[in-house]
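Read through the structure below, which is laid out as structure tokens, and then see the notes.
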Protein chains: 2
Amino acid sequence: MTSSSRPRRQKVTLKHVADAAKVSKATASLALNNNPRISEPTRQRVLEAVEALGYVYNRHAAGLRTQRSYTIGLIIKDVSNPFNAELTSGAESQLADHDYSLVLATTDDDLGKQSRMVQTMLERDVDGLILSPAAHTAIESMRRWMQFCPLVLLIPYYSELAADCVGMDDEQGTRRAVEHLIERGHRRIAFVGGFAAQATRQKRLDSYRDTLRRHSIDYDPALCIASPVTRRGGYDAIHQLLRMSTPPSAAYCYSDVNAFGVMLGLRAAGLEAGKDFAVIGFDDVPEASLWHPSLTTVSADPRGLGENAAQLMLRRIAEPDLPVKRIIMPSRLIVRDSTVAQVKAPR
Amino acid sequence: MTSSSRPRRQKVTLKHVADAAKVSKATASLALNNNPRISEPTRQRVLEAVEALGYVYNRHAAGLRTQRSYTIGLIIKDVSNPFNAELTSGAESQLADHDYSLVLATTDDDLGKQSRMVQTMLERDVDGLILSPAAHTAIESMRRWMQFCPLVLLIPYYSELAADCVGMDDEQGTRRAVEHLIERGHRRIAFVGGFAAQATRQKRLDSYRDTLRRHSIDYDPALCIASPVTRRGGYDAIHQLLRMSTPPSAAYCYSDVNAFGVMLGLRAAGLEAGKDFAVIGFDDVPEASLWHPSLTTVSADPRGLGENAAQLMLRRIAEPDLPVKRIIMPSRLIVRDSTVAQVKAPR
DNA sequence: AATCGCTGTTGAATCGATTGACTTCGGGAG
DNA sequence: CTCCCGAAGTCAATCGATTCAACAGCGATT
């Protein structure tokens, strides 16, 4: 059987519509754009012709003239991670509501791939770019990109750059989490996951140290383990921590994913999270409530981030000269079972 | 502080490049497309001019002439669900490797929204459309869309339509799952989740009945519960099943999500999945291995689905007249703890 | 010297819309 | 009877590329 799926219909253009409605191309265009200079009967004739011929508007042709593509690029590291999936979903629905389309690209956190993706976005003439920059992205690069279209960053720590951005309140979230552990009697609290190059991690680490200091607890760098943001990363980290001469009694993790790894590692070591050792994550991904024990975590509302990013972008497009806006979304500590017990041997 | 994010740079076009390189627009264009008719020294001058001016190619302008947008539309119900997120990720990376961009739209399984999204995709002049059709999508609609661009369906059960498609082997997966339960001694096996309008569910239901028949087990319609594909749906279904005079001892669920609900419902009823009652899911979402007990399920490789869909599309674009190809991806039964025990009272 | 064939380059039409300037027409004011 | 005006349309240039047909040089052939 030979496919009949090849498009055979030859393109119907505005010219054809105009001819069918016995008006000029100009009139047809104005009619479709609801221009008041076109009389109602004429507009109707045009609309009927559109219907009869099965005309499909060509946005690119229009965009060539109007210099608007009604397209926003979203560049993230990876869609398959549930956090980013939610974020994408939020951005897409927000944009769709305003008649914009979302072009999606992923970078795998690779600078080379990122610059190629930005490049194709610019070639596609996006009206704006929402970007979660790969590690080590130079400010200069972003500044260059901003000459072509507005940029909204999904990270709030590039204050040197006059770009709108949205992000979580990492500082407050971290403080709450660490204080929660301190209230439960913990004194040796590990910080697990992420790499130093990540600005977000740096922010959380700073806040972690600061919170310890306020509570007169010495900061011990040996308790801070860098690792990939994966279950494996958490698993390996807890393994290393448990071998210390005075191991920690709790871990604050860079991400829920790391926290899951920590919990698996605890189980493998014969310990039970929530009972023998306290664990806190970050993100509140859906699995967090399903784990056994359920995971105490800092909620990050990724969908809200996506929605806000889209809104910032739409705002910027509508009013290019507004001052820069940086949205820091409040974070909430969701207390569940993984931190339920008091520390075993309070000193 | 006023934003300097407004793009101020006025557009550099091919004409400017041509002038700078002291050649015609035509030559510049040919040079950039590596046309062998242009001499090497000339090509170099053009490339230098591109560099010097910071020229950005405009794909839409080119597409207007060439009638190719190098853009593929992906329309699904919802990105936030992990299955679809994986699928999207697979499709995106495959397309990016071939220099295509992915435009993403979601329908929330709503026919109206679906047709609006398809419409904007066509207006955007996509070179192809990958579609997971909303429930009750008419074949006629899809046939119409195929007149504009090739269509790849993410469901393999529209045989009346000459469209490429990819999908799971629901039949085989279901057979394996049901046989696994039968081997464990189960005779009353429930089928939980999904609605009759879903073609995929119908397929699995048929296979479920067929497998029972081969093993001389009577089909009992009371054991088949339709429900939303959510945890709640599974929870309510098991509740209803357990109230029967002769309740089932096992459930084969339409989706992992339903299976989680069933397990929660069992726990609420004082039963333990894997010990007192067997549960099988479908999809093998990441949580499946994390649950307690871990969930036996049919693995569905969503990323592979996305990759295959993208490949089918690229193939169709390259060779429009090839015969229709339908890819059925094999499914694997992943046996875990939720089906570990033999049936309690074999008869 | 005229012709031929190459190579490398260019002019101009084209893709499908938008839009500022201009035309046409009928009616009312002067 | 002119003139002006507004309403409804139309003309033609334009956006930024691609591409076909034509053409200028130039050395080789007859």
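Going through the structure tokens in order, the chains are called A, B, and so on, while each chain numbers its residues from 1 and the ligands are numbered from 1 in the order shown.
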
Each residue of chain B with at least one atom at most 8 Å from chain C should appear once, together with its nearest atom pair and the corresponding distance in Å (one decimal); atoms considered: only C-alpha atoms (C1' of nucleotides); ordering: chain, then increasing residue number; output as JSON lines.
{"residue": "B:Ser24", "atom": "CA", "partner": "C:DT10", "partner_atom": "C1'", "distance": 6.3}
{"residue": "B:Ala26", "atom": "CA", "partner": "C:DT10", "partner_atom": "C1'", "distance": 6.9}
{"residue": "B:Thr27", "atom": "CA", "partner": "C:DT9", "partner_atom": "C1'", "distance": 6.7}
{"residue": "B:Arg37", "atom": "CA", "partner": "C:DG8", "partner_atom": "C1'", "distance": 6.5}
{"residue": "B:Ile38", "atom": "CA", "partner": "C:DG8", "partner_atom": "C1'", "distance": 6.3}
{"residue": "B:Ser39", "atom": "CA", "partner": "C:DG8", "partner_atom": "C1'", "distance": 6.9}
{"residue": "B:Leu64", "atom": "CA", "partner": "C:DC15", "partner_atom": "C1'", "distance": 4.8}
{"residue": "B:Arg65", "atom": "CA", "partner": "C:DC15", "partner_atom": "C1'", "distance": 4.3}
{"residue": "B:Thr66", "atom": "CA", "partner": "C:DC15", "partner_atom": "C1'", "distance": 7.6}
{"residue": "B:Gln67", "atom": "CA", "partner": "C:DC15", "partner_atom": "C1'", "distance": 7.9}

Please report as a Markdown table every residue of chain B lying within 12 Å of chain D, along with the nearest atom pair and their distance in Å (one decimal), using only C-alpha atoms (C1' of nucleotides).
| residue | atom | partner | partner_atom | distance |
| --- | --- | --- | --- | --- |
| B:Lys11 | CA | D:DG16 | C1' | 10.3 |
| B:Val12 | CA | D:DG16 | C1' | 9.9 |
| B:Thr13 | CA | D:DG16 | C1' | 6.7 |
| B:Leu14 | CA | D:DG16 | C1' | 7.3 |
| B:Lys15 | CA | D:DG16 | C1' | 8.6 |
| B:His16 | CA | D:DG16 | C1' | 11.1 |
| B:Lys25 | CA | D:DA17 | C1' | 9.3 |
| B:Ala26 | CA | D:DT18 | C1' | 8.1 |
| B:Thr27 | CA | D:DT18 | C1' | 10.8 |
| B:Ala28 | CA | D:DA17 | C1' | 10.7 |
| B:Ser29 | CA | D:DT18 | C1' | 7.6 |
| B:Leu30 | CA | D:DT18 | C1' | 8.7 |
| B:Leu32 | CA | D:DA17 | C1' | 11.6 |
| B:Asn33 | CA | D:DT18 | C1' | 10.3 |
| B:Asn35 | CA | D:DT19 | C1' | 11.9 |
| B:Val56 | CA | D:DG16 | C1' | 11.0 |
| B:Tyr57 | CA | D:DA17 | C1' | 8.7 |
| B:Asn58 | CA | D:DG16 | C1' | 6.9 |
| B:Arg59 | CA | D:DA17 | C1' | 7.9 |
| B:His60 | CA | D:DA17 | C1' | 8.1 |
| B:Ala61 | CA | D:DA17 | C1' | 4.8 |
| B:Ala62 | CA | D:DA17 | C1' | 4.4 |
| B:Gly63 | CA | D:DA17 | C1' | 7.9 |
| B:Leu64 | CA | D:DA17 | C1' | 7.9 |
| B:Arg65 | CA | D:DT18 | C1' | 5.9 |
| B:Thr66 | CA | D:DT18 | C1' | 6.9 |
| B:Gln67 | CA | D:DT18 | C1' | 10.5 |
| B:Arg68 | CA | D:DT18 | C1' | 11.9 |

Taking only C-alpha atoms into account, which residues of chain B are within 8 Å of chain A, as a PyMOL selection string? chain B and resi 1-9+56-61+64+78-82+85-86+88-89+92-93+96+101-106+122-125+146-151+162-163+287+290-292+320-324

How would you write, as a PyMOL selection string, the set of residues in range 23-232 of chain A that DSSP gives as helix (DSSP H, G or I)? chain A and resi 25-32+40-53+59-66+82-97+111-123+139-145+170-183+199-214+221-223+231-232

CA of Gln342 in chain A to CA of Pro221 in chain A, straight-line distance in Å: 24.0 Å

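CA of Leu205 in chain B is positioned 12.1 Å from CA of Ala177 in chain B.
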
Sel. of strand (DSSP E or B) residues, range 59-257 of chain B, as an NGL selection string: :B and (71-76 or 101-106 or 128-131 or 151-153 or 164-168 or 189-192 or 194 or 224-225 or 227 or 250-253)

Point-to-point distance in Å for CA of Ile182 in chain A and CA of Tyr219 in chain A: 13.5 Å

Gly167 in chain B environment, 12 Å, only C-alpha atoms (C1' of nucleotides), sequence neighbours closer than 6 positions dropped, as a VMD selection string: chain B and resid 87 131 to 132 152 to 158 173 199 to 200 203 300 to 309 325 to 331

Quick one: residues within 8 Å of range 228-243 of chain A, only C-alpha atoms (C1' of nucleotides) counted, chain neighbours fewer than 4 positions away excluded, as a compact mmCIF listing (two decimals) with N, CA and C atoms, in the first residue's frame?
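And here's part17.txt as it stands now:
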# COMPACT_ATOMS: atom_id res chain seq x y z
N VAL A 192 24.23 17.63 50.96
CA VAL A 192 24.52 16.62 49.93
C VAL A 192 24.01 17.01 48.55
N GLY A 193 24.90 16.93 47.56
CA GLY A 193 24.45 17.00 46.18
C GLY A 193 24.76 18.30 45.46
N GLY A 194 24.78 18.22 44.14
CA GLY A 194 25.07 19.38 43.31
C GLY A 194 26.56 19.63 43.19
N PHE A 195 26.92 20.50 42.29
CA PHE A 195 28.33 20.85 42.09
C PHE A 195 28.56 22.33 42.34
N LEU A 223 31.41 17.67 55.78
CA LEU A 223 30.02 17.23 55.72
C LEU A 223 29.33 17.67 54.43
N PRO A 247 29.98 10.56 62.17
CA PRO A 247 29.08 10.81 61.04
C PRO A 247 27.95 11.76 61.43
N PRO A 248 27.33 12.36 60.43
CA PRO A 248 26.20 13.25 60.69
C PRO A 248 24.98 12.44 61.10
N TYR A 254 20.43 18.62 48.03
CA TYR A 254 20.26 19.62 46.99
C TYR A 254 18.96 19.40 46.21
N SER A 255 18.56 18.15 46.12
CA SER A 255 17.36 17.85 45.34
C SER A 255 16.69 16.59 45.88
N VAL A 257 15.84 14.12 44.33
CA VAL A 257 16.44 12.97 43.68
C VAL A 257 17.65 12.50 44.49
N ASN A 258 18.47 13.44 44.94
CA ASN A 258 19.59 13.09 45.80
C ASN A 258 19.09 12.46 47.10
N ALA A 259 18.03 13.03 47.62
CA ALA A 259 17.50 12.55 48.89
C ALA A 259 17.05 11.09 48.77
N PHE A 260 16.45 10.75 47.64
CA PHE A 260 16.03 9.36 47.44
C PHE A 260 17.26 8.45 47.48
N GLY A 261 18.30 8.90 46.85
CA GLY A 261 19.53 8.11 46.86
C GLY A 261 20.06 7.94 48.27
N VAL A 262 20.00 9.01 49.04
CA VAL A 262 20.46 8.93 50.42
C VAL A 262 19.63 7.89 51.19
N MET A 263 18.33 7.92 50.96
CA MET A 263 17.47 6.99 51.69
C MET A 263 17.77 5.55 51.28
N LEU A 264 18.00 5.34 50.02
CA LEU A 264 18.37 3.98 49.57
C LEU A 264 19.68 3.55 50.22
N GLY A 265 20.62 4.50 50.27
CA GLY A 265 21.92 4.18 50.87
C GLY A 265 21.79 3.86 52.35
N LEU A 266 20.90 4.58 53.01
CA LEU A 266 20.69 4.31 54.44
C LEU A 266 20.16 2.90 54.62
N ALA A 269 22.63 0.40 54.34
CA ALA A 269 23.54 0.36 55.48
C ALA A 269 22.80 -0.10 56.75
